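This is final-v1.tsv (TSV, C-alpha atoms).
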```tsv
chain	number	residue	atom	x	y	z
M	161	MET	CA	7.12	12.59	39.52
M	162	ALA	CA	6.03	15.33	37.08
M	163	LYS	CA	2.37	15.47	36.21
M	164	ILE	CA	1.29	16.31	32.66
M	165	LEU	CA	-2.08	17.18	31.16
M	166	VAL	CA	-2.58	16.20	27.49
M	167	VAL	CA	-5.48	17.71	25.49
M	168	ASP	CA	-5.96	16.36	21.95
M	169	ASP	CA	-9.19	15.55	20.13
M	170	GLU	CA	-7.80	12.30	18.69
M	171	PRO	CA	-8.33	9.35	21.07
M	172	ASP	CA	-5.46	7.42	19.42
M	173	ILE	CA	-3.08	10.29	20.16
M	174	THR	CA	-4.10	10.79	23.80
M	175	ALA	CA	-4.16	7.03	24.52
M	176	SER	CA	-0.74	6.38	22.99
M	177	LEU	CA	0.89	9.46	24.53
M	178	LYS	CA	-0.54	8.61	27.93
M	179	ASN	CA	0.85	5.10	27.77
M	180	GLY	CA	4.21	6.20	26.33
M	181	LEU	CA	4.73	9.02	28.84
M	182	GLN	CA	3.66	6.85	31.79
M	183	ARG	CA	6.34	4.35	30.75
M	184	LYS	CA	8.86	7.17	30.98
M	185	GLY	CA	7.79	7.89	34.56
M	186	PHE	CA	5.29	10.73	34.14
M	187	GLU	CA	1.84	10.94	35.65
M	188	VAL	CA	-0.56	11.75	32.83
M	189	ASP	CA	-4.19	12.90	32.54
M	190	THR	CA	-5.79	13.18	29.11
M	191	TYR	CA	-8.88	14.82	27.61
M	192	ASN	CA	-10.24	14.64	24.06
M	193	ASP	CA	-12.61	17.54	24.62
M	194	PRO	CA	-10.95	20.82	25.70
M	195	THR	CA	-14.13	21.94	27.48
M	196	ASP	CA	-13.90	18.86	29.73
M	197	ALA	CA	-10.25	19.63	30.40
M	198	LEU	CA	-11.17	23.19	31.40
M	199	SER	CA	-14.09	22.24	33.63
M	200	ASN	CA	-12.03	19.60	35.46
M	201	PHE	CA	-8.87	21.68	35.68
M	202	LYS	CA	-7.42	22.18	39.15
M	203	PRO	CA	-4.79	24.86	39.80
M	204	ASP	CA	-1.31	23.54	40.63
M	205	ALA	CA	-2.33	20.02	39.67
M	206	TYR	CA	0.05	19.85	36.69
M	207	ASP	CA	3.67	20.68	35.97
M	208	LEU	CA	3.10	20.94	32.22
M	209	LEU	CA	0.22	21.08	29.74
M	210	LEU	CA	0.46	19.61	26.22
M	211	ILE	CA	-2.34	21.15	24.15
M	212	ASP	CA	-3.12	20.27	20.54
M	213	ILE	CA	-3.71	23.28	18.29
M	214	ARG	CA	-6.18	21.99	15.68
M	215	MET	CA	-9.27	20.79	17.55
M	216	PRO	CA	-12.94	21.05	16.51
M	217	LYS	CA	-14.68	22.74	19.47
M	218	MET	CA	-11.88	25.11	20.53
M	219	ASN	CA	-8.44	25.33	19.04
M	220	GLY	CA	-5.33	25.25	21.23
M	221	PHE	CA	-4.85	29.03	21.07
M	222	GLU	CA	-8.41	29.61	22.30
M	223	VAL	CA	-7.91	27.09	25.09
M	224	TYR	CA	-4.75	28.89	26.19
M	225	TYR	CA	-5.48	32.59	25.60
M	226	ASP	CA	-9.24	32.68	26.24
M	227	GLU	CA	-9.39	30.27	29.15
M	228	PHE	CA	-6.20	29.12	30.88
M	229	LYS	CA	-4.35	32.44	30.61
M	230	LYS	CA	-7.35	34.36	32.02
M	231	MET	CA	-7.67	32.00	34.97
M	232	PHE	CA	-3.93	31.71	35.56
M	233	PRO	CA	-2.08	34.82	34.30
M	234	ASN	CA	1.32	33.34	35.21
M	235	LEU	CA	0.87	30.40	32.83
M	236	GLU	CA	3.37	30.66	29.95
M	237	VAL	CA	3.66	29.06	26.53
M	238	LYS	CA	7.03	27.30	26.71
M	239	CYS	CA	7.33	25.95	23.19
M	240	PHE	CA	5.57	24.67	20.10
M	241	ILE	CA	6.17	21.04	19.23
M	242	ARG	CA	5.58	19.85	15.68
M	243	LYS	CA	3.79	16.52	15.20
M	244	PRO	CA	4.63	13.78	14.39
M	245	ILE	CA	7.18	13.27	17.14
M	246	THR	CA	8.57	10.15	18.84
M	247	ILE	CA	7.99	9.60	22.55
M	248	ASN	CA	11.74	9.87	23.15
M	249	ASP	CA	11.96	13.27	21.45
M	250	LEU	CA	8.83	14.45	23.25
M	251	VAL	CA	10.34	13.45	26.59
M	252	LEU	CA	13.49	15.42	25.70
M	253	HIS	CA	11.33	18.51	25.07
M	254	ILE	CA	9.38	17.99	28.28
M	255	ASN	CA	12.49	17.52	30.42
M	256	THR	CA	14.15	20.58	28.88
M	257	GLU	CA	11.12	22.72	29.74
M	258	LEU	CA	10.72	21.26	33.23
M	259	ASP	CA	14.42	21.84	33.99
M	260	LYS	CA	14.30	25.54	33.00
J	85	MET	CA	-12.99	40.88	-11.64
J	86	GLU	CA	-15.47	38.03	-12.06
J	87	LEU	CA	-12.54	35.64	-12.35
J	88	GLU	CA	-11.05	36.96	-9.09
J	89	LYS	CA	-14.36	36.44	-7.31
J	90	TYR	CA	-14.30	32.84	-8.40
J	91	LEU	CA	-10.60	32.19	-7.85
J	92	ILE	CA	-10.24	33.60	-4.33
J	93	PRO	CA	-12.79	31.29	-2.65
J	94	GLN	CA	-11.41	28.35	-4.66
J	95	ASN	CA	-7.89	29.19	-3.50
J	96	GLU	CA	-9.02	29.60	0.08
J	97	ALA	CA	-10.82	26.27	-0.06
J	98	ARG	CA	-7.76	24.60	-1.58
J	99	SER	CA	-5.48	26.09	1.05
J	100	GLU	CA	-7.84	24.96	3.84
J	101	PHE	CA	-7.97	21.52	2.22
J	102	THR	CA	-4.15	21.35	2.20
J	103	ASN	CA	-4.17	22.17	5.93
J	104	ILE	CA	-6.81	19.51	6.63
J	105	ALA	CA	-5.07	16.85	4.53
J	106	SER	CA	-1.76	17.65	6.21
J	107	HIS	CA	-3.43	17.42	9.65
J	108	GLU	CA	-5.00	14.06	8.70
J	109	MET	CA	-1.59	12.76	7.66
J	110	LYS	CA	0.21	14.04	10.76
J	111	THR	CA	-2.45	12.62	13.08
J	112	SER	CA	-2.25	9.12	11.58
J	113	ILE	CA	1.56	9.17	11.39
J	114	GLN	CA	1.75	10.34	15.03
J	115	ALA	CA	-0.48	7.46	16.15
J	116	ILE	CA	1.46	4.88	14.09
J	117	LEU	CA	4.77	6.22	15.37
J	118	THR	CA	3.79	6.21	19.06
J	119	TYR	CA	2.03	2.84	18.98
J	120	SER	CA	4.99	1.30	17.13
J	121	GLU	CA	7.30	2.57	19.87
J	122	LEU	CA	5.00	1.05	22.50
J	123	LEU	CA	4.98	-2.27	20.60
J	124	GLN	CA	8.73	-2.58	21.13
J	125	ASN	CA	7.98	-3.55	24.72
J	126	LYS	CA	7.29	-7.28	24.36
J	127	ASP	CA	5.72	-7.61	27.82
J	128	ASP	CA	3.05	-4.99	27.26
J	129	GLU	CA	-0.39	-6.50	27.87
J	130	PHE	CA	-2.04	-4.08	25.42
J	131	ARG	CA	0.05	-5.07	22.38
J	132	GLU	CA	-3.01	-6.32	20.47
J	133	SER	CA	-4.80	-3.00	20.87
J	134	TYR	CA	-1.67	-1.19	19.61
J	135	ILE	CA	-1.64	-3.35	16.47
J	136	LYS	CA	-5.32	-2.53	15.88
J	137	ALA	CA	-4.59	1.17	16.29
J	138	ILE	CA	-1.65	1.00	13.86
J	139	LEU	CA	-3.85	-0.78	11.28
J	140	ARG	CA	-6.68	1.69	11.79
J	141	ASN	CA	-4.38	4.64	11.20
J	142	ALA	CA	-2.59	2.99	8.27
J	143	LEU	CA	-6.03	2.48	6.66
J	144	ARG	CA	-6.81	6.16	7.24
J	145	LEU	CA	-3.64	7.04	5.35
J	146	LYS	CA	-4.56	4.58	2.59
J	147	VAL	CA	-7.98	6.21	2.13
J	148	LEU	CA	-6.41	9.67	2.11
J	149	SER	CA	-3.83	8.62	-0.46
J	150	ASN	CA	-6.48	6.95	-2.69
J	151	ASN	CA	-8.72	10.01	-2.42
J	152	LEU	CA	-5.89	12.33	-3.45
J	153	GLY	CA	-5.19	10.07	-6.45
J	154	ASP	CA	-8.88	10.10	-7.43
J	155	LEU	CA	-9.09	13.87	-7.00
J	156	THR	CA	-6.31	14.29	-9.58
J	157	LYS	CA	-8.04	11.90	-12.00
J	158	ILE	CA	-11.37	13.71	-11.61
J	159	ASP	CA	-9.85	17.19	-11.95
J	160	GLU	CA	-7.88	16.14	-15.03
J	161	LYS	CA	-10.96	14.33	-16.40
J	162	ILE	CA	-9.10	11.03	-16.79
J	163	LEU	CA	-11.29	8.91	-14.49
J	164	LYS	CA	-12.08	5.74	-16.46
J	165	LEU	CA	-14.80	3.21	-15.72
J	166	LYS	CA	-14.49	-0.54	-16.28
J	167	LYS	CA	-18.12	-1.53	-16.66
J	168	GLU	CA	-19.32	-5.09	-16.19
J	169	ARG	CA	-22.63	-6.76	-15.42
J	170	PHE	CA	-23.00	-8.02	-11.85
J	171	ASP	CA	-25.50	-8.69	-9.09
J	172	LEU	CA	-25.55	-5.57	-6.90
J	173	ASN	CA	-27.25	-7.42	-4.04
J	174	LEU	CA	-24.35	-9.89	-3.81
J	175	LEU	CA	-21.79	-7.09	-3.84
J	176	VAL	CA	-23.60	-4.95	-1.27
J	177	SER	CA	-24.30	-7.86	1.09
J	178	SER	CA	-20.63	-8.79	1.06
J	179	ILE	CA	-19.54	-5.17	1.68
J	180	ALA	CA	-22.07	-4.86	4.55
J	181	LYS	CA	-20.64	-7.93	6.28
J	182	ASP	CA	-17.02	-6.81	5.80
J	183	PHE	CA	-17.83	-3.32	6.98
J	184	GLU	CA	-19.62	-4.49	10.11
J	185	ASN	CA	-16.60	-6.66	11.02
J	186	MET	CA	-14.17	-3.86	10.25
J	187	VAL	CA	-16.04	-1.36	12.45
J	188	MET	CA	-16.22	-3.87	15.29
J	189	TYR	CA	-12.52	-4.75	15.02
J	190	HIS	CA	-10.90	-1.42	14.25
J	191	ASP	CA	-13.21	1.14	15.81
J	192	ASN	CA	-14.49	-0.96	18.72
J	193	LYS	CA	-18.04	0.02	17.76
J	194	GLN	CA	-19.73	-3.22	18.80
J	195	GLU	CA	-23.26	-1.91	18.50
J	196	ILE	CA	-23.26	-1.00	14.82
J	197	LYS	CA	-25.22	-3.27	12.50
J	198	VAL	CA	-25.44	-2.99	8.72
J	199	ARG	CA	-28.67	-4.31	7.19
J	200	VAL	CA	-29.37	-4.74	3.47
J	201	ILE	CA	-32.86	-4.57	1.99
J	202	SER	CA	-32.88	-5.70	-1.63
J	203	PRO	CA	-34.63	-7.86	-4.18
J	204	MET	CA	-33.01	-11.33	-4.45
J	205	HIS	CA	-31.07	-10.31	-7.59
J	206	ILE	CA	-30.54	-6.83	-8.93
J	207	PHE	CA	-28.27	-6.69	-11.97
J	208	VAL	CA	-26.48	-3.53	-13.03
J	209	GLU	CA	-23.94	-2.63	-15.68
J	210	ALA	CA	-21.36	-0.55	-13.82
J	211	ASP	CA	-17.78	-0.32	-12.59
J	212	LYS	CA	-17.88	-2.85	-9.73
J	213	GLU	CA	-14.76	-1.60	-7.91
J	214	ARG	CA	-15.93	2.01	-8.10
J	215	LEU	CA	-19.41	1.12	-6.79
J	216	GLU	CA	-17.75	-0.81	-3.96
J	217	GLN	CA	-15.68	2.30	-3.20
J	218	ILE	CA	-18.83	4.47	-3.13
J	219	ILE	CA	-20.77	2.11	-0.85
J	220	PHE	CA	-17.79	1.80	1.52
J	221	ASN	CA	-17.46	5.56	1.55
J	222	LEU	CA	-21.16	6.10	2.32
J	223	LEU	CA	-21.00	3.51	5.12
J	224	ASP	CA	-17.83	5.08	6.49
J	225	ASN	CA	-19.54	8.45	6.41
J	226	ALA	CA	-22.62	7.06	8.17
J	227	VAL	CA	-20.56	5.40	10.90
J	228	LYS	CA	-18.70	8.64	11.69
J	229	PHE	CA	-22.00	10.01	12.96
J	230	THR	CA	-23.40	6.82	14.50
J	231	ASP	CA	-22.13	5.14	17.67
J	232	LYS	CA	-24.76	2.47	17.81
J	233	GLY	CA	-27.78	1.36	15.81
J	234	THR	CA	-28.45	0.06	12.34
J	235	ILE	CA	-27.14	1.49	9.11
J	236	LEU	CA	-29.53	0.49	6.37
J	237	ILE	CA	-28.64	-0.08	2.70
J	238	LYS	CA	-31.70	-0.25	0.49
J	239	LEU	CA	-31.46	-1.35	-3.15
J	240	GLU	CA	-34.37	-0.59	-5.44
J	241	GLU	CA	-35.01	-1.01	-9.12
J	242	SER	CA	-37.51	1.12	-11.04
J	243	SER	CA	-40.52	-0.78	-12.34
J	244	ASP	CA	-39.35	-0.24	-15.95
J	245	LYS	CA	-35.90	-1.52	-14.87
J	246	ASN	CA	-34.28	1.61	-16.31
J	247	TRP	CA	-32.49	2.64	-13.13
J	248	THR	CA	-31.34	1.32	-9.78
J	249	GLU	CA	-31.12	3.24	-6.50
J	250	ILE	CA	-28.77	2.59	-3.60
J	251	THR	CA	-29.78	4.38	-0.38
J	252	VAL	CA	-27.66	4.39	2.76
J	253	THR	CA	-29.54	5.53	5.88
J	254	ASP	CA	-28.02	6.20	9.29
J	255	THR	CA	-29.49	7.04	12.69
J	256	GLY	CA	-27.04	9.82	13.57
J	257	PRO	CA	-27.80	13.51	14.20
J	258	GLY	CA	-28.56	14.28	10.53
J	259	ILE	CA	-26.88	16.83	8.26
J	260	GLU	CA	-26.92	20.54	9.09
J	261	ASP	CA	-29.30	22.36	6.73
J	262	ARG	CA	-26.60	24.87	5.74
J	263	ILE	CA	-24.33	22.02	4.57
J	264	ILE	CA	-26.85	20.03	2.49
J	265	PRO	CA	-26.72	22.25	-0.67
J	266	ASN	CA	-22.90	21.97	-0.77
J	267	LEU	CA	-22.51	18.48	0.66
J	268	PHE	CA	-21.12	16.97	-2.55
J	269	ASN	CA	-18.82	19.88	-3.35
J	270	LYS	CA	-15.08	19.48	-3.10
J	271	PHE	CA	-13.57	20.06	0.39
J	272	VAL	CA	-16.94	20.27	2.21
J	273	THR	CA	-17.09	18.28	5.44
J	274	SER	CA	-19.27	18.35	8.54
J	275	SER	CA	-16.96	16.02	10.42
J	276	HIS	CA	-13.71	17.02	12.04
J	277	HIS	CA	-12.23	13.78	10.75
J	278	GLY	CA	-11.98	13.83	7.01
J	279	THR	CA	-10.90	15.99	4.15
J	280	GLY	CA	-14.24	16.64	2.46
J	281	LEU	CA	-13.21	14.60	-0.58
J	282	GLY	CA	-15.21	11.40	-0.05
J	283	LEU	CA	-18.65	12.59	-1.15
J	284	TYR	CA	-17.19	14.70	-3.98
J	285	ILE	CA	-15.49	11.58	-5.32
J	286	CYS	CA	-18.74	9.56	-4.92
J	287	LYS	CA	-20.63	12.23	-6.88
J	288	SER	CA	-18.00	12.27	-9.64
J	289	ILE	CA	-18.08	8.48	-10.01
J	290	ILE	CA	-21.90	8.38	-10.03
J	291	GLU	CA	-22.01	11.17	-12.63
J	292	ALA	CA	-19.48	9.26	-14.74
J	293	HIS	CA	-22.12	6.49	-14.75
J	294	ASP	CA	-24.71	9.09	-15.95
J	295	GLY	CA	-26.33	8.85	-12.54
J	296	LYS	CA	-27.27	11.22	-9.72
J	297	ILE	CA	-26.56	11.41	-5.99
J	298	TRP	CA	-28.47	13.35	-3.34
J	299	ALA	CA	-28.84	13.61	0.43
J	300	ARG	CA	-31.73	14.33	2.76
J	301	ASN	CA	-32.44	14.26	6.47
J	302	ASN	CA	-34.90	11.58	7.52
J	303	ALA	CA	-38.45	12.80	8.17
J	304	ASP	CA	-38.47	11.74	11.84
J	305	LYS	CA	-35.22	13.70	12.51
J	306	ASN	CA	-33.56	10.35	12.94
J	307	GLY	CA	-30.40	10.49	10.88
J	308	ALA	CA	-29.79	11.12	7.19
J	309	SER	CA	-30.01	9.23	3.90
J	310	ILE	CA	-27.82	9.44	0.83
J	311	THR	CA	-29.17	7.99	-2.42
J	312	CYS	CA	-27.29	7.16	-5.63
J	313	ARG	CA	-29.29	6.47	-8.77
J	314	ILE	CA	-27.59	4.84	-11.73
J	315	PRO	CA	-29.05	3.77	-15.06
J	316	THR	CA	-29.34	-0.01	-15.19
J	317	ASN	CA	-28.26	0.05	-18.87
J	318	GLN	CA	-30.87	-2.51	-19.73
J	319	GLY	CA	-30.11	-2.05	-23.43
J	320	LEU	CA	-26.50	-3.10	-22.98
J	321	VAL	CA	-27.48	-5.94	-20.71
J	322	ASN	CA	-30.01	-7.21	-23.25
J	323	LYS	CA	-27.49	-6.94	-26.05
J	324	ASN	CA	-24.91	-8.95	-24.10
J	325	TYR	CA	-27.56	-11.41	-23.06
J	326	THR	CA	-28.59	-11.91	-26.73
J	327	LYS	CA	-24.94	-12.35	-27.69
J	328	PHE	CA	-24.58	-14.91	-24.93
J	329	LEU	CA	-27.71	-16.75	-26.14
J	330	ASN	CA	-26.40	-16.74	-29.72
J	331	SER	CA	-23.08	-18.24	-28.69
J	332	GLU	CA	-24.97	-20.83	-26.68
J	333	SER	CA	-27.05	-21.77	-29.70
J	334	VAL	CA	-23.95	-22.09	-31.91
J	335	SER	CA	-22.35	-24.53	-29.54
```
Spell out the structure here as structure tokens.
Amino acid sequence: MAKILVVDDEPDITASLKNGLQRKGFEVDTYNDPTDALSNFKPDAYDLLLIDIRMPKMNGFEVYYDEFKKMFPNLEVKCFIRKPITINDLVLHINTELDK
Amino acid sequence: MELEKYLIPQNEARSEFTNIASHEMKTSIQAILTYSELLQNKDDEFRESYIKAILRNALRLKVLSNNLGDLTKIDEKILKLKKERFDLNLLVSSIAKDFENMVMYHDNKQEIKVRVISPMHIFVEADKERLEQIIFNLLDNAVKFTDKGTILIKLEESSDKNWTEITVTDTGPGIEDRIIPNLFNKFVTSSHHGTGLGLYICKSIIEAHDGKIWARNNADKNGASITCRIPTNQGLVNKNYTKFLNSESVS
């Protein structure tokens, strides 16, 4: 079962995505505050990260380039997904990236 | 050159506002879309919470859409007031109750109370719907920065009955000093949620009533207060009252 980390400052988004993705068979952890996500992050714990871009404390680019990428140089940006998106379409994106 | 100096920041602010408004829309639509998909599963035990979330986000879109409509009216100077005489205490008490219920139901903030301090009756001559919109907006603003505690609405009339003040006080972290001078300008926001239109619209409506609006941090560093002062229009009230008396005497 693939494990996904979702970081988005909107509780409605993280809660609904968590529920929707769990129903599709994924294991999901969510954080509304990127700094919490970073401090609790464990290497190799996730198959894929879904990071929102527009967030108040740190935007998604800062989270990726300034933090994750420095800690884990092999981590790659796979794609940009435009919101709003249905769970079904999101799952298609996720599966495509996981299958690559 | 002077014109450029003025236009560039305005354009930057407008472009940033477009980004924020677009983000607000996308966020609410995303939530409505995902929760609606989840609702399709009839056995889901959390269906009620999904419906609440859909309503909450639909209301966010409604506010955004109303604010955009008002912004156009204000910018084009076609905002019209429908003034009538009414008891402000009755209106505010009813809004306070509705708001408290709404916050409890939609935002799950169980520990927010809204308290009204007012004389028994306080009559004003104003646009009732627009004042309701302002008070709702000030409460909504206060609740963004308050997780628990009491939001206070104080109504006061000057001793000569020439003006009335509505003050909304919260117990949140207060307003950053750098923001206070621009708080009522278009597109200014200290919250990540919001477009920075709400207080600008409040100011425009209050000014259309020949009134004033201002904000201050509370002396004990316990939250902030926003006050609106509007003329009571005693002259108009007296004139109508005389007219009413005359018609009474005729009958």
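You will find CA of Ser202 in chain J at 10.7 Å from CA of Leu236 in chain J.
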Interface list for chain M, partner chain J, 12 Å threshold, only C-alpha atoms, as a PyMOL selection string: chain M and resi 168-184+212-218+242-250
Take CA of Asn255 in chain M and CA of Gly220 in chain M and report the distance between them in Å, one decimal.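 A separation of 21.5 Å between them.
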Pick out the closest residue to Glu108 in chain J from this set: J:Ile162, J:Glu132, J:Lys305, J:Thr279. Count all atoms listed in the file.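 Smallest separation from Glu108 in chain J among the options: J:Thr279.
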Need to verify the contact set: range 153-161 of chain J, 8 Å, all atoms listed in the file, exclusion of same-chain residues closer than 4 positions in sequence. Can you return it as JSON, numbers by chain? {"J": [149, 281, 285, 288]}
Take the residues just selected and output them with C-alpha atoms as a PDB file, keeping the file's coordinate frame.
```pdb
ATOM      1  CA  SER J 149      -3.830   8.620  -0.460  1.00  0.00           C
ATOM      2  CA  LEU J 281     -13.210  14.600  -0.580  1.00  0.00           C
ATOM      3  CA  ILE J 285     -15.490  11.580  -5.320  1.00  0.00           C
ATOM      4  CA  SER J 288     -18.000  12.270  -9.640  1.00  0.00           C
TER       5      SER J 288
END
```
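If you look at CA of Leu222 in chain J and CA of Ile250 in chain J, they are 10.3 Å away from each other.
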I'd like to know which of M:Val251, M:Leu235, M:Leu209, M:Val223 is closest to Asp189 in chain M, using all atoms listed in the file.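 Nearest to Asp189 in chain M: M:Leu209.
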Using only C-alpha atoms, which residues sit within 10 Å of range 163-180 of chain J once same-chain residues fewer than 6 positions away are excluded, as a PyMOL selection string? chain J and resi 154-157+186+197-217+219-220+223+235-240+248+250+288-289+292-293+316-317+320-321+324
